[in-house]
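> Next up is a structure, given as structure tokens.
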Amino acid sequence: MVVRPLLALTAFTLLVCSIFHAPVLADDKATIADPHWKYRFNQPPPRRWMQPDFNDRGWAVGPGGFGTLGTPGARIGTEWNSPDIWLRREIEIAEIPESPGLLIHHDEDAEVFLNGQRVAQVKGYVTEYKVIPLKDKAAEALKQGTNLLAVHCHQTGGGQFIDVHVIDTKNVPKLPTPEKITHPKLTKLITEWGSEVTAENAWTEYPRPQMARNNWTNLNGHWDYEITSEEQQDVPERWDGKILVPYALESKLSGVQRLLDPKEALWYRRTFEWSEKIDSQSLLLNFEAVDYECDIWVNDKLVGSHKGGNDPFTFDISDAVKQGTNTLLVRVEDDTEAAQLRGKQVLSSRGIWYTRVSGIWQTVWLEAVSKLHVEDLKIDTDAASGSIRVHADLSRSLKQGEQLQVTVHDGNKAIAKKESGSGSVEFTIDSPKLWSPSNPHLYGLEVAVLNADGAPVDRVHSYAGIRTVGKKKDAAGHWRFTLNGKFIFHWGTLDQGWWPDGLLTPPSDEAMLFDIEYLQAAGFNMIRKHIKVEPRRYYYHCDRLGMLVWQDQVSGGNEPKWTRLEPNPEDAEWAQADHEQFMDEFERMIDNLENHPSIVVWTPFNERWGQHQTMEVGKWTVERDPSRQVNIASGGNFWPVGDIVDDHNYPHPDFHFQDGRFDPFIKVIGEFGGHGYPVEGHLWDPNNRNWGYGGLPQNQDEYRQRYLQSLEMLNDFRKRGIAGGVYTQTTDVEGEINGLITYDRKVIKIPAEELKELHRRLFEPLPETANAE
């Protein structure tokens with residue numbers, strides 16, 4: 001038999017085996033190559049698409065098989081995660097074998113056509129390749145010369161895969177390991193800010209607004225990069241090219257768009273100039289975020305290592321740096337689906353799970369400081385007393401005569417100043433201007449470290465919003481949120497912070513601000529930041545604009561059975577080392593963000609993703625930060641700890657009141673809605689499964705009516721004691737088209753002014769909450 005190799009397919013596609021130019025003996029099995037197919041995910045013209053003379057110009061081209069990673073027995077050459085796939089490929093047969101057949105792996109239903117005639121139909125799924133003999137009319141469909149092999153595969157849920165080969169059943173060939181998928185889905189979408197990004201303007205803003213210094217050096221821009229096996233520990237001798245920092249390897253804006261395999265390491269290299277003497281000062285190297293584990297060298301000296309993909313970290317490189325040219329080297333490993341916190345990242349993006357993000361994904365920068373300097377600030381405020389308390393963690397203890405000096409500013413006017421030899425200072429502000437969404441007043445803070453002569457050796461600028469987060473019962477006995485002693489209904493969106501061009505990294509500060517300003521203009525007073533930690537400037541903008549934030553911990557790891565709000569909840573089993581890493585990263589998130597007045601709720605778990613040792617984690621969180629509310633598991637397995645009980649329901653809001661069992665807690669609907677509406681020309685992948693909850697509406701009017709219905713239902717629940725609601729979601733994300741804005745931020749589906757008018761009903765005073773904010 002003579003055949004040119006055909007393409008292998010995975011999940012919902014059939015993999016076609018190669019046919020060879022000479023018979024293959026059973027004791028001398030050949031390995032066949034995986035050819036390329038033409039394919040599409042949207043239905044082609046029926047009764048025509050499988051015919052040899054059908055015009056398939058414009059169909060995509062890719063190697064087989066087709067499917068999703070993790071499907072049992074699958075050999076993925078091209079990712080496919082939509083309900084259907086149609087495949088076509090020409091094969092050349094010089095000699096028809098005596099026993100022709102198909103070597104097929106299907107998940108799920110598949111049809112196979114040869115030269116327009118259906119020769120096989122299979123139902124359900126298999127977990128390994130099967131041989132299907134072609135007999136009678138099916139065998140007669142084969143001819144010498146050019147043949148057209150066509151396949152349709154349909155999948156309903158779970159994993160998916162299709163791979164088909166035409167073979168001699170007496171000489172079944174071996175299948176090779178498919179070529180590794182090294183590139184993410186290449187979308188045409190780009191934001192207007194992303195289209196303007198260059199190496200010169202990539203994130204030039206100061207990255208730490210709550211502890212700002214004037215003397216800093218931005219290291220964003222083009223770096224050398226190289227990808228090696230994880231076993232390689234030696235510095236690469238050659239480099240693949242340039243990557244634009246701070247955008248992740250997989251992102252469009254990085255200029256690379258390469259997937260990092262869990263068995264690979266990503267290396268970065270750049271040089272920087274340093275002209276100052278180091279003896280009298282310290283030079284600090286700051287990384288705002290690197291996903292996930294990294295080692296850092298300066299001039300071939302290891303200066304530090306870090307584990308955790310979502311928090312900033314700093315190394316003192318004074319002992320490694322020199323005057324003149326210095327070399328900075330970073331090595332990263334990222335085992336995305338191992339026991340590490342990863343949020344929505346997966347190896348094979350699909351549905352609500354998105355493209356993996358590896359390496360440096362936030363700003364890298366240097367700052368020169370005095371040997372005695374401020375390392376961290378802790379700022380506490382109280383609305384009732386009008387107090388601001390500032391505690392500074394210093395690089396060393398203050399000596400005799402050295403002092404911490406703090407000045408409070410209201411606008412440009414200094415209104416109070418104090419010195420202390422202890423590192424802590426407290427003020428009581430007369431007639432304080434309290435921070436709230438309607439009046440987000442911020443007091444400026446200037447924190448200086450004075451030497452024994454009274455001269456400043458370090459100075460940082462910060463700010464404080466005087467506010468108190470609380471809760472109290474309304475007249476009907478329902479627990480409600482309060483801010484500065486007044487009832488306030490929390491109304492926000494689920495905000496995931498993903499971008500088609502930067503993935504987890506916003507293309508720019510201006511782009512990031514766009515989302516917040518749209519939501520505020522639309523009448524939302526809160527954002528639920530969903531299992532992502534944003535750049536620190538994001539929270540600064542929320543502080544100054546007056547946007548409340550519910551902050552999720554990033555998820556990952558094993559998960560238990562999902563029991564939601566039912567009694568007798570379950571926890572997942574975690575290794576102690578994994579739990580300790582979870583707690584380390586949780587503590588770092590709180591430590592880095594706790595000074596932001598906008599953040600009012602901590603959420604350790606989302607649904608039951610990675611939910612484990614819930615009571616222990618909840619009690620720790622309450623003790624760690626008693627100044628905020630704790631939502632132990634938003635929509636997850638409820639355990640009686642913290643302040644909030646949270647139910648999720650799609651598409652419309654619902655809450656499962658259970659005969660008073662939740663009376664001790666603030667009740668919220670932490671996710672609902674998700675009404676999808678596709679906007680042509682603004683879809684991440686127009687050929688993929690683009691979806692929203694409850695099916696897609698027929699037109700924009702139906703979309704708006706669905707939104708209004710959910711809103712009215714939420715308002716009814718508000719009257720029954722629900723204290724907050726979260727609509728899914730701010731923007732479309734990859735295949736999810738249930739955002740109020742398209743993924744590229746170019747189309748607003750419902751204008752902000754229209755939404756604001758609709759949302760007024762949620763803030764109309766209830767008789768039992770007459771003093772609402």
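Residues in the structure tokens are numbered from 1 in each chain, the chains being A, B, ... in the order shown, and ligands are numbered from 1 in the order shown.
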Within 10 Å of A:Thr204, counting only C-alpha atoms, which residues show up once you throw out same-chain ones fewer than 2 positions away? Write them as a list in words, please.
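Within the cut-off, the hits are Ala199, Glu200, Asn201, Ala202, Tyr206, Pro207, Thr217, Asn218, Leu219, Asn220, Gly221, Thr363, Ser508 and Asp509 of chain A.
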> Atoms to include: all heavy atoms. Write the selected residues as a JSON list (two decimals), in the first residue's frame.

```json
[["chain", "number", "residue", "atom", "x", "y", "z"],
["A", 199, "ALA", "N", 9.49, 49.38, 23.49],
["A", 199, "ALA", "CA", 10.49, 49.13, 24.52],
["A", 199, "ALA", "C", 10.77, 50.38, 25.35],
["A", 199, "ALA", "O", 11.20, 50.29, 26.50],
["A", 199, "ALA", "CB", 11.78, 48.62, 23.89],
["A", 200, "GLU", "N", 10.51, 51.54, 24.77],
["A", 200, "GLU", "CA", 10.80, 52.79, 25.47],
["A", 200, "GLU", "C", 9.68, 53.21, 26.42],
["A", 200, "GLU", "O", 9.92, 53.93, 27.39],
["A", 200, "GLU", "CB", 11.06, 53.91, 24.47],
["A", 200, "GLU", "CG", 12.36, 53.76, 23.67],
["A", 200, "GLU", "CD", 12.33, 52.61, 22.69],
["A", 200, "GLU", "OE1", 11.26, 52.38, 22.06],
["A", 200, "GLU", "OE2", 13.38, 51.92, 22.56],
["A", 201, "ASN", "N", 8.43, 52.77, 26.14],
["A", 201, "ASN", "CA", 7.32, 53.24, 26.99],
["A", 201, "ASN", "C", 6.65, 52.13, 27.79],
["A", 201, "ASN", "O", 5.59, 52.34, 28.38],
["A", 201, "ASN", "CB", 6.27, 53.97, 26.14],
["A", 201, "ASN", "CG", 5.55, 53.06, 25.16],
["A", 201, "ASN", "OD1", 5.59, 51.85, 25.26],
["A", 201, "ASN", "ND2", 4.89, 53.66, 24.17],
["A", 202, "ALA", "N", 7.25, 50.94, 27.83],
["A", 202, "ALA", "CA", 6.64, 49.82, 28.53],
["A", 202, "ALA", "C", 6.68, 50.03, 30.04],
["A", 202, "ALA", "O", 7.73, 49.95, 30.66],
["A", 202, "ALA", "CB", 7.35, 48.52, 28.16],
["A", 206, "TYR", "N", 6.19, 54.78, 38.22],
["A", 206, "TYR", "CA", 6.77, 54.28, 39.46],
["A", 206, "TYR", "C", 5.85, 53.18, 40.01],
["A", 206, "TYR", "O", 4.64, 53.39, 40.16],
["A", 206, "TYR", "CB", 6.93, 55.40, 40.49],
["A", 206, "TYR", "CG", 7.67, 54.97, 41.73],
["A", 206, "TYR", "CD1", 9.06, 54.96, 41.74],
["A", 206, "TYR", "CD2", 7.00, 54.55, 42.86],
["A", 206, "TYR", "CE1", 9.76, 54.56, 42.86],
["A", 206, "TYR", "CE2", 7.69, 54.13, 44.00],
["A", 206, "TYR", "CZ", 9.07, 54.14, 43.99],
["A", 206, "TYR", "OH", 9.76, 53.72, 45.11],
["A", 207, "PRO", "N", 6.39, 52.00, 40.32],
["A", 207, "PRO", "CA", 5.53, 50.85, 40.59],
["A", 207, "PRO", "C", 4.99, 50.72, 42.02],
["A", 207, "PRO", "O", 4.14, 49.87, 42.27],
["A", 207, "PRO", "CB", 6.44, 49.66, 40.28],
["A", 207, "PRO", "CG", 7.81, 50.17, 40.53],
["A", 207, "PRO", "CD", 7.80, 51.63, 40.19],
["A", 217, "THR", "N", 15.50, 53.44, 39.02],
["A", 217, "THR", "CA", 15.86, 53.15, 37.64],
["A", 217, "THR", "C", 14.98, 52.02, 37.13],
["A", 217, "THR", "O", 14.94, 50.94, 37.70],
["A", 217, "THR", "CB", 17.34, 52.72, 37.54],
["A", 217, "THR", "OG1", 18.17, 53.78, 38.04],
["A", 217, "THR", "CG2", 17.71, 52.41, 36.09],
["A", 218, "ASN", "N", 14.29, 52.27, 36.02],
["A", 218, "ASN", "CA", 13.40, 51.29, 35.42],
["A", 218, "ASN", "C", 14.20, 50.34, 34.53],
["A", 218, "ASN", "O", 14.95, 50.79, 33.65],
["A", 218, "ASN", "CB", 12.33, 52.02, 34.60],
["A", 218, "ASN", "CG", 11.17, 51.13, 34.22],
["A", 218, "ASN", "OD1", 11.29, 49.91, 34.15],
["A", 218, "ASN", "ND2", 10.02, 51.75, 33.97],
["A", 219, "LEU", "N", 14.05, 49.04, 34.74],
["A", 219, "LEU", "CA", 14.76, 48.05, 33.93],
["A", 219, "LEU", "C", 13.85, 47.37, 32.91],
["A", 219, "LEU", "O", 14.24, 46.36, 32.31],
["A", 219, "LEU", "CB", 15.43, 46.99, 34.83],
["A", 219, "LEU", "CG", 16.52, 47.51, 35.77],
["A", 219, "LEU", "CD1", 17.13, 46.36, 36.56],
["A", 219, "LEU", "CD2", 17.60, 48.26, 35.00],
["A", 220, "ASN", "N", 12.64, 47.87, 32.74],
["A", 220, "ASN", "CA", 11.79, 47.33, 31.68],
["A", 220, "ASN", "C", 12.40, 47.62, 30.32],
["A", 220, "ASN", "O", 13.19, 48.55, 30.16],
["A", 220, "ASN", "CB", 10.39, 47.94, 31.76],
["A", 220, "ASN", "CG", 9.64, 47.51, 32.99],
["A", 220, "ASN", "OD1", 9.97, 46.51, 33.61],
["A", 220, "ASN", "ND2", 8.62, 48.28, 33.35],
["A", 221, "GLY", "N", 12.01, 46.85, 29.33],
["A", 221, "GLY", "CA", 12.54, 47.02, 27.98],
["A", 221, "GLY", "C", 12.96, 45.68, 27.42],
["A", 221, "GLY", "O", 12.55, 44.62, 27.90],
["A", 363, "THR", "N", 6.87, 44.97, 36.53],
["A", 363, "THR", "CA", 8.06, 45.82, 36.38],
["A", 363, "THR", "C", 9.27, 45.32, 37.18],
["A", 363, "THR", "O", 9.14, 44.81, 38.30],
["A", 363, "THR", "CB", 7.70, 47.26, 36.81],
["A", 363, "THR", "OG1", 6.76, 47.80, 35.88],
["A", 363, "THR", "CG2", 8.92, 48.16, 36.88],
["A", 508, "SER", "N", -0.76, 48.79, 29.75],
["A", 508, "SER", "CA", -0.22, 50.05, 30.28],
["A", 508, "SER", "C", -1.01, 50.45, 31.51],
["A", 508, "SER", "O", -2.08, 49.89, 31.80],
["A", 508, "SER", "CB", -0.29, 51.17, 29.24],
["A", 508, "SER", "OG", -1.65, 51.54, 29.00],
["A", 509, "ASP", "N", -0.50, 51.42, 32.22],
["A", 509, "ASP", "CA", -1.20, 51.97, 33.37],
["A", 509, "ASP", "C", -2.52, 52.61, 32.94],
["A", 509, "ASP", "O", -3.55, 52.47, 33.61],
["A", 509, "ASP", "CB", -0.31, 53.00, 34.06],
["A", 509, "ASP", "CG", -0.85, 53.48, 35.38],
["A", 509, "ASP", "OD1", -0.91, 52.68, 36.33],
["A", 509, "ASP", "OD2", -1.23, 54.66, 35.48]]
```
> Please provide the set of residues having any atom within 7 Å of A:Tyr743, restricted to only C-alpha atoms, with same-chain residues fewer than 2 positions apart removed, written as a list of chain:residue names.
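Counting only C-alpha atoms, the residues come to A:Trp499, A:Pro500, A:Thr731, A:Asp732, A:Val733, A:Ile741, A:Arg745.
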> As a PyMOL selection string, which residues of stretch 157-365 of chain A does DSSP assign to helix (DSSP H, G or I)?
chain A and resi 194-196+209-211
> Which residues come within 8 Å of A:Asn484, counting only C-alpha atoms, excluding same-chain residues fewer than 6 positions away, as a PDB file with N, CA, C and O atoms, in the first residue's frame?

```pdb
ATOM      1  N   ALA A 383     -11.899  55.738  61.789  1.00  0.00           N
ATOM      2  CA  ALA A 383     -12.794  56.842  61.448  1.00  0.00           C
ATOM      3  C   ALA A 383     -13.361  57.523  62.688  1.00  0.00           C
ATOM      4  O   ALA A 383     -13.526  58.752  62.707  1.00  0.00           O
ATOM      5  N   ALA A 384     -13.667  56.753  63.719  1.00  0.00           N
ATOM      6  CA  ALA A 384     -14.312  57.331  64.905  1.00  0.00           C
ATOM      7  C   ALA A 384     -13.412  58.344  65.601  1.00  0.00           C
ATOM      8  O   ALA A 384     -13.858  59.406  66.033  1.00  0.00           O
ATOM      9  N   LEU A 434     -13.186  61.740  55.973  1.00  0.00           N
ATOM     10  CA  LEU A 434     -13.183  60.291  55.895  1.00  0.00           C
ATOM     11  C   LEU A 434     -13.203  59.806  54.450  1.00  0.00           C
ATOM     12  O   LEU A 434     -13.835  60.406  53.578  1.00  0.00           O
ATOM     13  N   ARG A 467     -10.620  55.541  57.267  1.00  0.00           N
ATOM     14  CA  ARG A 467     -11.904  54.858  57.129  1.00  0.00           C
ATOM     15  C   ARG A 467     -11.911  53.635  58.043  1.00  0.00           C
ATOM     16  O   ARG A 467     -10.868  53.094  58.415  1.00  0.00           O
ATOM     17  N   THR A 468     -13.114  53.180  58.389  1.00  0.00           N
ATOM     18  CA  THR A 468     -13.289  51.982  59.202  1.00  0.00           C
ATOM     19  C   THR A 468     -14.300  51.073  58.529  1.00  0.00           C
ATOM     20  O   THR A 468     -15.418  51.489  58.216  1.00  0.00           O
ATOM     21  N   VAL A 469     -13.872  49.842  58.271  1.00  0.00           N
ATOM     22  CA  VAL A 469     -14.744  48.814  57.697  1.00  0.00           C
ATOM     23  C   VAL A 469     -15.415  48.063  58.838  1.00  0.00           C
ATOM     24  O   VAL A 469     -14.760  47.675  59.810  1.00  0.00           O
ATOM     25  N   GLY A 470     -16.728  47.874  58.726  1.00  0.00           N
ATOM     26  CA  GLY A 470     -17.429  47.186  59.802  1.00  0.00           C
ATOM     27  C   GLY A 470     -18.666  46.475  59.311  1.00  0.00           C
ATOM     28  O   GLY A 470     -18.913  46.330  58.111  1.00  0.00           O
TER      29      GLY A 470
END
```
> Among stretch 25-235 of chain A, which residues carry a DSSP assignment of strand (DSSP E), reported as JSON, numbers by chain?
{"A": [36, 37, 38, 39, 40, 60, 61, 62, 63, 66, 67, 78, 79, 84, 85, 86, 87, 88, 89, 90, 91, 92, 93, 100, 101, 102, 103, 104, 105, 106, 107, 109, 110, 111, 112, 113, 114, 117, 118, 119, 120, 121, 122, 130, 131, 132, 133, 145, 146, 147, 148, 149, 150, 151, 152, 153, 154, 161, 162, 163, 164, 165, 166, 167, 168, 216, 217, 218, 221, 222, 223, 224, 225, 226, 227, 228, 229]}
